[in-house]
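K.L.:
Questions regarding the structure given below will be posed in turn.
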Amino acid sequence: MGILTGHEIRAAIAGKRITIHPFDPGQVAQVSGDLSLHPRLLAYGNGAGRVLDLATYEEPDREIAIPPEGVVLVPGMLYLGATIETIHAPTYAAIVAGKSSPARKGLRVEAAGLVEPGFRGSITLEIEVTVPLRVYAGWPIAQVRFETVEGLPEPYTERGGYQDQTDGPVASRSHLHKRRHVGGAS
């Protein structure tokens with residue numbers, strides 16, 4: 001497996017092997033492409049002793065529309081954001097991570113790391129801050145790398161649960177998963 005260079009990312013987009021929409025060639029760097037923050041966030045607080053449960057659907061505490069002047073995120077909260085861009089890469093694995101410059105101001109962005117080949121949609125981002133930090137819709141806060149895969153991947157639609165998400169962040173669907181290897185059996 002290898003990571004696509006910026007030149008190869010642009011060529012794969014031109015050849016329709018990767019789709020990023022909307023796309024600006026200026027958002028592609030040496031080995032990644034910038035992804036920008038969608039104007040809607042979901043927020044989960046840690047107040048009042050709330051405990052999130054993987055086996056249960058969890059409603060967010062609130063939904064936040066990011067105004068033009070931005071919104072201040074505070075430590076101790078879990079925010080779900082999303083990318084404005086939708087991506088589709090049928091034969092590439094995509095790795096999404098936070099960007100260095102926002103991270104140096106205390107912004108921690110995770111996207112569960114791996115985007116399976118064939119996924120199509122915007123990427124939900126798990127966001128936390130270490131200090132109060134103002135963020136803005138449309139600001140580049142994450143980056144995507146594309147890696148080649150060996151062999152033909154099975155279609156994402158056969159196993160993936162988040163296909164075609166395009167309207168902002170999507171809450172966890174972990175309650176739909178099954179526990180495995182419980183009770184000492186492997």
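Please note that chains go A, B, ... in the order of the structure tokens, that every chain numbers its residues from 1, and that ligands are numbered from 1 in the order shown.
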Excluding same-chain residues fewer than 2 positions from region 64-70 of chain A, what lies within 12 Å of it counting only C-alpha atoms, as a compact mmCIF listing (two decimals) with N, CA and C atoms, in the first residue's frame?

P.N.:
```
# COMPACT_ATOMS: atom_id res chain seq x y z
N LEU A 37 -14.87 22.58 7.93
CA LEU A 37 -15.92 22.35 8.93
C LEU A 37 -17.30 22.76 8.42
N HIS A 38 -18.25 21.85 8.51
CA HIS A 38 -19.67 22.08 8.19
C HIS A 38 -20.25 23.06 9.20
N PRO A 39 -21.29 23.83 8.85
CA PRO A 39 -21.83 24.84 9.76
C PRO A 39 -22.73 24.31 10.88
N ARG A 40 -22.80 22.99 11.09
CA ARG A 40 -23.65 22.44 12.16
C ARG A 40 -22.83 21.48 13.01
N LEU A 41 -22.99 21.59 14.32
CA LEU A 41 -22.33 20.70 15.28
C LEU A 41 -23.37 20.03 16.16
N LEU A 42 -23.06 18.84 16.65
CA LEU A 42 -23.82 18.20 17.71
C LEU A 42 -22.92 18.19 18.94
N ALA A 43 -23.49 18.43 20.11
CA ALA A 43 -22.68 18.52 21.33
C ALA A 43 -23.19 17.57 22.40
N TYR A 44 -22.24 16.88 23.03
CA TYR A 44 -22.52 15.99 24.16
C TYR A 44 -21.72 16.53 25.34
N PRO A 60 -27.84 13.89 21.16
CA PRO A 60 -26.91 14.94 21.63
C PRO A 60 -27.63 15.87 22.60
N ASP A 61 -26.85 16.54 23.45
CA ASP A 61 -27.42 17.52 24.37
C ASP A 61 -27.94 18.73 23.63
N ARG A 62 -27.27 19.08 22.54
CA ARG A 62 -27.76 20.21 21.75
C ARG A 62 -27.15 20.19 20.36
N VAL A 72 -17.58 29.44 20.15
CA VAL A 72 -16.51 29.03 21.06
C VAL A 72 -16.81 27.62 21.57
N LEU A 73 -15.87 26.71 21.33
CA LEU A 73 -15.95 25.36 21.88
C LEU A 73 -15.23 25.36 23.22
N TYR A 79 -17.87 17.23 20.71
CA TYR A 79 -18.60 17.83 19.60
C TYR A 79 -18.49 16.89 18.40
N LEU A 80 -19.58 16.70 17.71
CA LEU A 80 -19.54 16.02 16.42
C LEU A 80 -19.73 17.08 15.36
N GLY A 81 -18.76 17.17 14.49
CA GLY A 81 -18.84 18.06 13.34
C GLY A 81 -18.84 17.20 12.09
N LEU A 133 -11.90 27.64 22.45
CA LEU A 133 -11.40 27.96 21.10
C LEU A 133 -12.56 28.30 20.18
N ARG A 134 -12.44 29.42 19.47
CA ARG A 134 -13.45 29.82 18.50
C ARG A 134 -13.17 29.10 17.18
N VAL A 135 -14.21 28.48 16.63
CA VAL A 135 -14.10 27.81 15.33
C VAL A 135 -15.12 28.42 14.38
N TYR A 136 -14.86 28.23 13.07
CA TYR A 136 -15.68 28.84 12.04
C TYR A 136 -16.09 27.80 11.01
N ALA A 137 -17.32 27.90 10.56
CA ALA A 137 -17.76 27.05 9.45
C ALA A 137 -16.93 27.39 8.22
N GLY A 138 -16.57 26.37 7.45
CA GLY A 138 -15.78 26.57 6.25
C GLY A 138 -14.29 26.59 6.48
N TRP A 139 -13.86 26.54 7.75
CA TRP A 139 -12.43 26.58 8.07
C TRP A 139 -11.83 25.19 7.89
N GLY A 168 -24.36 17.27 7.46
CA GLY A 168 -23.76 17.54 8.75
C GLY A 168 -23.44 16.26 9.51
N PRO A 169 -23.09 16.41 10.80
CA PRO A 169 -22.65 15.26 11.58
C PRO A 169 -23.76 14.25 11.80
```

K.L.:
In terms of the shortest atom-to-atom distance over only C-alpha atoms, which of A:Gly15, A:Gly26, A:Pro90, A:Gly106 is closest to Pro132 (chain A)?

P.N.:
A:Gly106

K.L.:
Out of region 2-133 of chain A, which residues get strand (DSSP E or B) from DSSP, as a PyMOL selection string?

P.N.:
chain A and resi 3+19-21+28+33-37+40-44+62-65+71-73+78-88+92-98+107-115+120-129+133

K.L.:
Next, dump the selected residues to file, keeping only C-alpha atoms, as an mmCIF file, in the first residue's frame.

P.N.:
```
data_model
loop_
_atom_site.group_PDB
_atom_site.id
_atom_site.type_symbol
_atom_site.label_atom_id
_atom_site.label_comp_id
_atom_site.auth_asym_id
_atom_site.auth_seq_id
_atom_site.Cartn_x
_atom_site.Cartn_y
_atom_site.Cartn_z
ATOM 1 C CA ILE A 3 -0.055 7.045 0.030
ATOM 2 C CA THR A 19 -14.515 12.462 -5.902
ATOM 3 C CA ILE A 20 -14.214 15.416 -3.511
ATOM 4 C CA HIS A 21 -17.111 17.869 -3.741
ATOM 5 C CA VAL A 28 -4.462 19.622 -2.079
ATOM 6 C CA GLY A 33 -6.339 17.354 0.856
ATOM 7 C CA ASP A 34 -7.886 19.836 3.296
ATOM 8 C CA LEU A 35 -11.414 19.279 4.604
ATOM 9 C CA SER A 36 -13.514 22.139 5.992
ATOM 10 C CA LEU A 37 -15.925 22.347 8.926
ATOM 11 C CA ARG A 40 -23.648 22.444 12.159
ATOM 12 C CA LEU A 41 -22.329 20.702 15.283
ATOM 13 C CA LEU A 42 -23.823 18.197 17.714
ATOM 14 C CA ALA A 43 -22.678 18.524 21.333
ATOM 15 C CA TYR A 44 -22.518 15.993 24.160
ATOM 16 C CA ARG A 62 -27.755 20.213 21.751
ATOM 17 C CA GLU A 63 -27.327 21.127 18.120
ATOM 18 C CA ILE A 64 -25.244 24.192 17.314
ATOM 19 C CA ALA A 65 -25.527 26.260 14.137
ATOM 20 C CA VAL A 71 -18.657 29.670 17.978
ATOM 21 C CA VAL A 72 -16.511 29.026 21.063
ATOM 22 C CA LEU A 73 -15.952 25.363 21.885
ATOM 23 C CA LEU A 78 -17.610 16.120 22.824
ATOM 24 C CA TYR A 79 -18.604 17.826 19.600
ATOM 25 C CA LEU A 80 -19.536 16.019 16.423
ATOM 26 C CA GLY A 81 -18.839 18.058 13.342
ATOM 27 C CA ALA A 82 -18.686 17.109 9.708
ATOM 28 C CA THR A 83 -16.841 18.071 6.586
ATOM 29 C CA ILE A 84 -18.450 20.346 4.037
ATOM 30 C CA GLU A 85 -16.838 18.174 1.384
ATOM 31 C CA THR A 86 -18.217 14.795 0.439
ATOM 32 C CA ILE A 87 -15.767 12.157 -0.691
ATOM 33 C CA HIS A 88 -16.022 8.951 -2.678
ATOM 34 C CA TYR A 92 -8.807 3.734 -2.118
ATOM 35 C CA ALA A 93 -8.798 3.771 1.664
ATOM 36 C CA ALA A 94 -8.947 7.301 3.048
ATOM 37 C CA ILE A 95 -7.301 8.357 6.295
ATOM 38 C CA VAL A 96 -8.764 11.474 7.921
ATOM 39 C CA ALA A 97 -6.923 13.335 10.675
ATOM 40 C CA GLY A 98 -6.767 16.774 12.211
ATOM 41 C CA LEU A 107 -8.212 21.594 18.560
ATOM 42 C CA ARG A 108 -8.330 17.781 18.539
ATOM 43 C CA VAL A 109 -10.062 16.260 15.510
ATOM 44 C CA GLU A 110 -10.615 12.545 15.001
ATOM 45 C CA ALA A 111 -12.642 10.856 12.306
ATOM 46 C CA ALA A 112 -12.350 7.276 13.507
ATOM 47 C CA GLY A 113 -9.307 7.308 11.275
ATOM 48 C CA LEU A 114 -10.129 5.012 8.395
ATOM 49 C CA VAL A 115 -12.692 5.652 5.673
ATOM 50 C CA ARG A 120 -19.624 8.083 -0.157
ATOM 51 C CA GLY A 121 -20.571 11.145 1.888
ATOM 52 C CA SER A 122 -19.271 13.771 4.243
ATOM 53 C CA ILE A 123 -17.051 12.698 7.125
ATOM 54 C CA THR A 124 -18.290 13.008 10.699
ATOM 55 C CA LEU A 125 -15.548 14.461 12.894
ATOM 56 C CA GLU A 126 -15.149 13.915 16.633
ATOM 57 C CA ILE A 127 -13.942 17.248 18.016
ATOM 58 C CA GLU A 128 -12.568 18.214 21.419
ATOM 59 C CA VAL A 129 -10.624 21.264 22.590
ATOM 60 C CA LEU A 133 -11.400 27.959 21.104
#
```

K.L.:
List every residue of region 9-149 of chain A that DSSP, applied to the backbone of this structure, assigns to helix (DSSP H, G or I), and report them as a list in words.

P.N.:
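Written out, the helix (DSSP H, G or I) residues of region 9-149 of chain A are Ile9, Arg10, Ala11, Ala12, Ile13, Ala14, Pro25, Gly26, Gln27, Gly47, Ala48, Gly49, Ser100, Ser101, Pro102 and Ala103 of chain A.
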
K.L.:
At what distance in Å, to one decimal, does CA of Arg145 (chain A) lie from CA of Gly2 (chain A)?

P.N.:
10.2 Å

K.L.:
Could you tell me how far CA of Thr5 (chain A) lies from CA of Ser32 (chain A), in Å and to one decimal?

P.N.:
7.2 Å

K.L.:
Could you check which of A:Ala12, A:Leu4, A:Ala103, A:Val51 is closest to Val149 (chain A), using only C-alpha atoms?

P.N.:
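Of A:Ala12, A:Leu4, A:Ala103, A:Val51, the one nearest Val149 (chain A) is A:Leu4, counting only C-alpha atoms.
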